[in-house]
>>> print(open('final.pdb').read())   # PDB, C-alpha atoms
ATOM      1  CA  MET A  15     -15.500 -13.147  55.421
ATOM      2  CA  ALA A  16     -14.483 -16.710  55.994
ATOM      3  CA  TRP A  17     -14.509 -17.357  52.298
ATOM      4  CA  ILE A  18     -11.663 -14.830  51.802
ATOM      5  CA  LYS A  19      -9.398 -16.551  54.322
ATOM      6  CA  ASN A  20     -10.003 -20.027  52.927
ATOM      7  CA  ASN A  21      -9.759 -19.110  49.282
ATOM      8  CA  ASN A  22      -6.652 -17.045  48.638
ATOM      9  CA  LYS A  23      -6.890 -17.520  44.879
ATOM     10  CA  ASN A  24     -10.140 -15.621  44.560
ATOM     11  CA  VAL A  25      -9.409 -12.810  46.975
ATOM     12  CA  ARG A  26     -10.929 -10.237  44.656
ATOM     13  CA  PHE A  27     -14.040 -12.260  43.893
ATOM     14  CA  ASN A  28     -17.018 -11.185  45.939
ATOM     15  CA  PRO A  29     -20.195 -13.153  45.153
ATOM     16  CA  ASN A  30     -22.328 -10.498  46.800
ATOM     17  CA  ARG A  31     -21.213  -7.723  44.449
ATOM     18  CA  LYS A  32     -23.369  -7.207  41.389
ATOM     19  CA  ASP A  33     -20.435  -7.073  38.950
ATOM     20  CA  ASP A  34     -18.837 -10.287  40.218
ATOM     21  CA  ARG A  35     -21.759 -12.615  39.532
ATOM     22  CA  LEU A  36     -20.893 -15.203  36.929
ATOM     23  CA  LEU A  37     -23.442 -16.069  34.300
ATOM     24  CA  LEU A  38     -23.446 -19.465  32.695
ATOM     25  CA  ALA A  39     -22.803 -19.546  28.950
ATOM     26  CA  GLU A  40     -21.696 -15.972  28.801
ATOM     27  CA  VAL A  41     -19.158 -15.155  26.113
ATOM     28  CA  THR A  42     -16.526 -12.941  27.623
ATOM     29  CA  ALA A  43     -14.136 -12.697  24.673
ATOM     30  CA  ARG A  44     -14.331 -13.438  21.007
ATOM     31  CA  ARG A  45     -11.427 -14.419  18.857
ATOM     32  CA  VAL A  46     -10.938 -12.284  15.808
ATOM     33  CA  HIS A  47      -9.793 -14.440  12.931
ATOM     34  CA  LYS A  48      -7.171 -12.856  10.734
ATOM     35  CA  PRO A  49      -7.700 -13.261   7.004
ATOM     36  CA  PRO A  50      -5.207 -15.726   5.484
ATOM     37  CA  LYS A  51      -2.269 -14.138   3.754
ATOM     38  CA  GLN A  52      -2.383 -14.354   0.017
ATOM     39  CA  ILE A  53       0.881 -15.527  -1.436
ATOM     40  CA  LYS A  54       1.604 -13.530  -4.517
ATOM     41  CA  ALA A  55       4.106 -14.786  -7.015
ATOM     42  CA  GLU A  56       6.919 -12.323  -7.404
ATOM     43  CA  ASP A  57       8.138 -11.666 -10.878
ATOM     44  CA  GLU A  58      11.655 -12.663 -11.703
ATOM     45  CA  LEU A  59      13.690  -9.513 -11.779
ATOM     46  CA  ILE A  60      16.397 -10.575 -14.200
ATOM     47  CA  SER A  61      16.013 -12.009 -17.651
ATOM     48  CA  THR A  62      16.699 -15.724 -17.965
ATOM     49  CA  ASP A  63      16.058 -15.716 -21.703
ATOM     50  CA  LEU A  64      18.794 -17.848 -23.252
ATOM     51  CA  ASP A  65      19.322 -15.639 -26.318
ATOM     52  CA  HIS A  66      19.560 -12.534 -24.158
ATOM     53  CA  VAL A  67      22.095 -14.052 -21.740
ATOM     54  CA  LEU A  68      24.252 -15.637 -24.427
ATOM     55  CA  GLY A  69      24.299 -12.319 -26.305
ATOM     56  CA  MET A  70      25.933 -10.564 -23.345
ATOM     57  CA  PRO A  71      29.647  -9.828 -23.308
ATOM     58  CA  PRO A  72      31.597 -12.122 -20.948
ATOM     59  CA  ASP A  73      32.161  -9.457 -18.275
ATOM     60  CA  THR A  74      28.445  -8.660 -18.204
ATOM     61  CA  ARG A  75      27.676 -12.366 -17.783
ATOM     62  CA  VAL A  76      29.649 -12.376 -14.530
ATOM     63  CA  ASP A  77      27.560  -9.492 -13.192
ATOM     64  CA  TRP A  78      24.375 -11.171 -14.449
ATOM     65  CA  LEU A  79      25.336 -14.397 -12.681
ATOM     66  CA  ASP A  80      25.952 -12.472  -9.432
ATOM     67  CA  MET A  81      22.460 -10.995  -9.547
ATOM     68  CA  ALA A  82      20.883 -14.305 -10.562
ATOM     69  CA  LEU A  83      22.534 -16.190  -7.700
ATOM     70  CA  MET A  84      21.494 -13.505  -5.221
ATOM     71  CA  GLN A  85      17.873 -13.674  -6.372
ATOM     72  CA  LEU A  86      17.996 -17.467  -6.310
ATOM     73  CA  ALA A  87      19.258 -17.450  -2.722
ATOM     74  CA  LEU A  88      16.493 -15.031  -1.697
ATOM     75  CA  GLY A  89      13.854 -17.200  -3.340
ATOM     76  CA  LYS A  90      12.862 -14.666  -5.977
ATOM     77  CA  LEU A  91      14.203 -16.752  -8.850
ATOM     78  CA  LYS A  92      13.371 -20.368  -9.530
ATOM     79  CA  PRO A  93      16.340 -22.774  -9.650
ATOM     80  CA  VAL A  94      15.043 -24.369 -12.861
ATOM     81  CA  SER A  95      15.140 -21.111 -14.815
ATOM     82  CA  LEU A  96      18.758 -20.440 -13.793
ATOM     83  CA  TYR A  97      19.730 -24.063 -14.398
ATOM     84  CA  ASP A  98      18.397 -23.855 -17.965
ATOM     85  CA  VAL A  99      20.921 -21.098 -18.675
ATOM     86  CA  ILE A 100      23.918 -22.404 -16.696
ATOM     87  CA  ALA A 101      23.682 -25.955 -18.059
ATOM     88  CA  ILE A 102      24.169 -24.813 -21.668
ATOM     89  CA  PRO A 103      27.719 -25.509 -22.932
ATOM     90  CA  LYS A 104      27.762 -22.135 -24.741
ATOM     91  CA  PHE A 105      27.373 -20.364 -21.397
ATOM     92  CA  ALA A 106      30.139 -22.475 -19.879
ATOM     93  CA  ASN A 107      32.467 -21.867 -22.829
ATOM     94  CA  THR A 108      33.049 -18.219 -22.033
ATOM     95  CA  SER A 109      36.350 -16.882 -23.281
ATOM     96  CA  GLY A 110      38.693 -14.411 -21.646
ATOM     97  CA  LYS A 111      39.066 -13.423 -18.013
ATOM     98  CA  ALA A 112      35.395 -14.051 -17.283
ATOM     99  CA  ARG A 113      35.656 -17.840 -17.465
ATOM    100  CA  LYS A 114      37.423 -18.290 -14.118
ATOM    101  CA  PRO A 115      35.020 -16.176 -12.010
ATOM    102  CA  LEU A 116      31.996 -17.719 -13.733
ATOM    103  CA  LYS A 117      33.212 -21.226 -13.007
ATOM    104  CA  ALA A 118      34.100 -20.360  -9.398
ATOM    105  CA  LYS A 119      30.695 -18.784  -8.716
ATOM    106  CA  VAL A 120      28.730 -21.592 -10.307
ATOM    107  CA  LEU A 121      30.621 -24.324  -8.458
ATOM    108  CA  ALA A 122      30.481 -22.421  -5.149
ATOM    109  CA  ASN A 123      26.699 -22.099  -5.338
ATOM    110  CA  LEU A 124      25.779 -25.662  -6.282
ATOM    111  CA  HIS A 125      23.942 -26.034  -2.965
ATOM    112  CA  LEU A 126      21.096 -23.957  -4.434
ATOM    113  CA  PHE A 127      20.222 -26.693  -6.947
ATOM    114  CA  ASN A 128      18.827 -30.201  -6.478
ATOM    115  CA  GLY A 129      20.918 -33.383  -6.828
ATOM    116  CA  LYS A 130      20.426 -34.083 -10.524
ATOM    117  CA  GLN A 131      21.038 -30.459 -11.425
ATOM    118  CA  LYS A 132      24.200 -30.399  -9.293
ATOM    119  CA  ARG A 133      25.640 -33.441 -11.040
ATOM    120  CA  ALA A 134      24.856 -32.087 -14.509
ATOM    121  CA  ILE A 135      26.381 -28.680 -13.730
ATOM    122  CA  GLU A 136      29.512 -30.238 -12.199
ATOM    123  CA  GLU A 137      30.011 -32.504 -15.209
ATOM    124  CA  LEU A 138      29.619 -29.616 -17.616
ATOM    125  CA  TRP A 139      31.822 -27.117 -15.803
ATOM    126  CA  LYS A 140      34.550 -29.616 -14.865
ATOM    127  CA  SER A 141      34.664 -31.364 -18.232
ATOM    128  CA  GLU A 142      37.331 -30.947 -20.878
ATOM    129  CA  LEU A 143      34.880 -29.023 -23.074
ATOM    130  CA  THR A 144      34.999 -26.002 -20.829
ATOM    131  CA  LYS A 145      38.770 -26.069 -20.376
ATOM    132  CA  HIS A 146      39.476 -25.626 -24.085
ATOM    133  CA  VAL A 147      37.349 -22.893 -25.562
ATOM    134  CA  GLY A 148      36.728 -23.399 -29.227
ATOM    135  CA  PRO A 149      35.111 -21.121 -31.798
ATOM    136  CA  GLU A 150      31.407 -20.565 -31.203
ATOM    137  CA  THR A 151      29.139 -22.238 -33.687
ATOM    138  CA  GLY A 152      25.656 -21.403 -34.087
TER
END
>>> encode(input="final.pdb", output="structure tokens")
Amino acid sequence: MAWIKNNNKNVRFNPNRKDDRLLLAEVTARRVHKPPKQIKAEDELISTDLDHVLGMPPDTRVDWLDMALMQLALGKLKPVSLYDVIAIPKFANTSGKARKPLKAKVLANLHLFNGKQKRAIEELWKSELTKHVGPETG
């Protein structure tokens, strides 16, 4: 019993017991590898088709922009697809009460775009073209 007094770490280990004998090269536990997660591309939930968006009434465009910015922030929508719509002067030249909220939302969410896209959007939305709405051509 001297080995118990000298070795307090292995108090439970008894080399004389059959169950406590250690075997060399014995595997006591195996690691179960989890299968790697497959990243599936989520479909964009809103339409970023230019003709569809430009055909919307101005009040509907504000609601569309709200949903698009929310999906962009969540990572469901790609910044390039939203930029392609926002950077068009026809989208910026919205008449009526909808122009102010559109401009405010676009400029408040510039952090979602990269540097070049930010500069292009700022130039478009802060330029004189968007302040004076002319008749739509096209």
>>> resolve_selection(input="final.pdb", expression="the PyMOL selection byres ((chain A and resi 106) around 12)", output="number ranges by chain")
A: 67-68, 72, 75-76, 79, 97-105, 107-110, 112-121, 135-148, 150
>>> atom_distance(input="final.pdb", atom1="CA of Ser95 in chain A", atom2="CA of Gly129 in chain A")
15.7 Å
>>> axis_aligned_box(input="final.pdb", around="range 93-96 of chain A", padding_each_side="8 Å", output="AutoDock Vina command-line options")
--center_x 16.9 --center_y -22.4 --center_z -12.2 --size_x 19.7 --size_y 19.9 --size_z 21.2
>>> closest_residue(input="final.pdb", among="A:Lys111, A:Lys48, A:Asp77, A:Lys92", to="Leu126 in chain A", atoms="all atoms listed in the file")
A:Lys92
>>> atom_distance(input="final.pdb", atom1="CA of Met84 in chain A", atom2="CA of Leu96 in chain A")
11.4 Å
>>> atom_distance(input="final.pdb", atom1="CA of Ala87 in chain A", atom2="CA of Pro50 in chain A")
25.9 Å
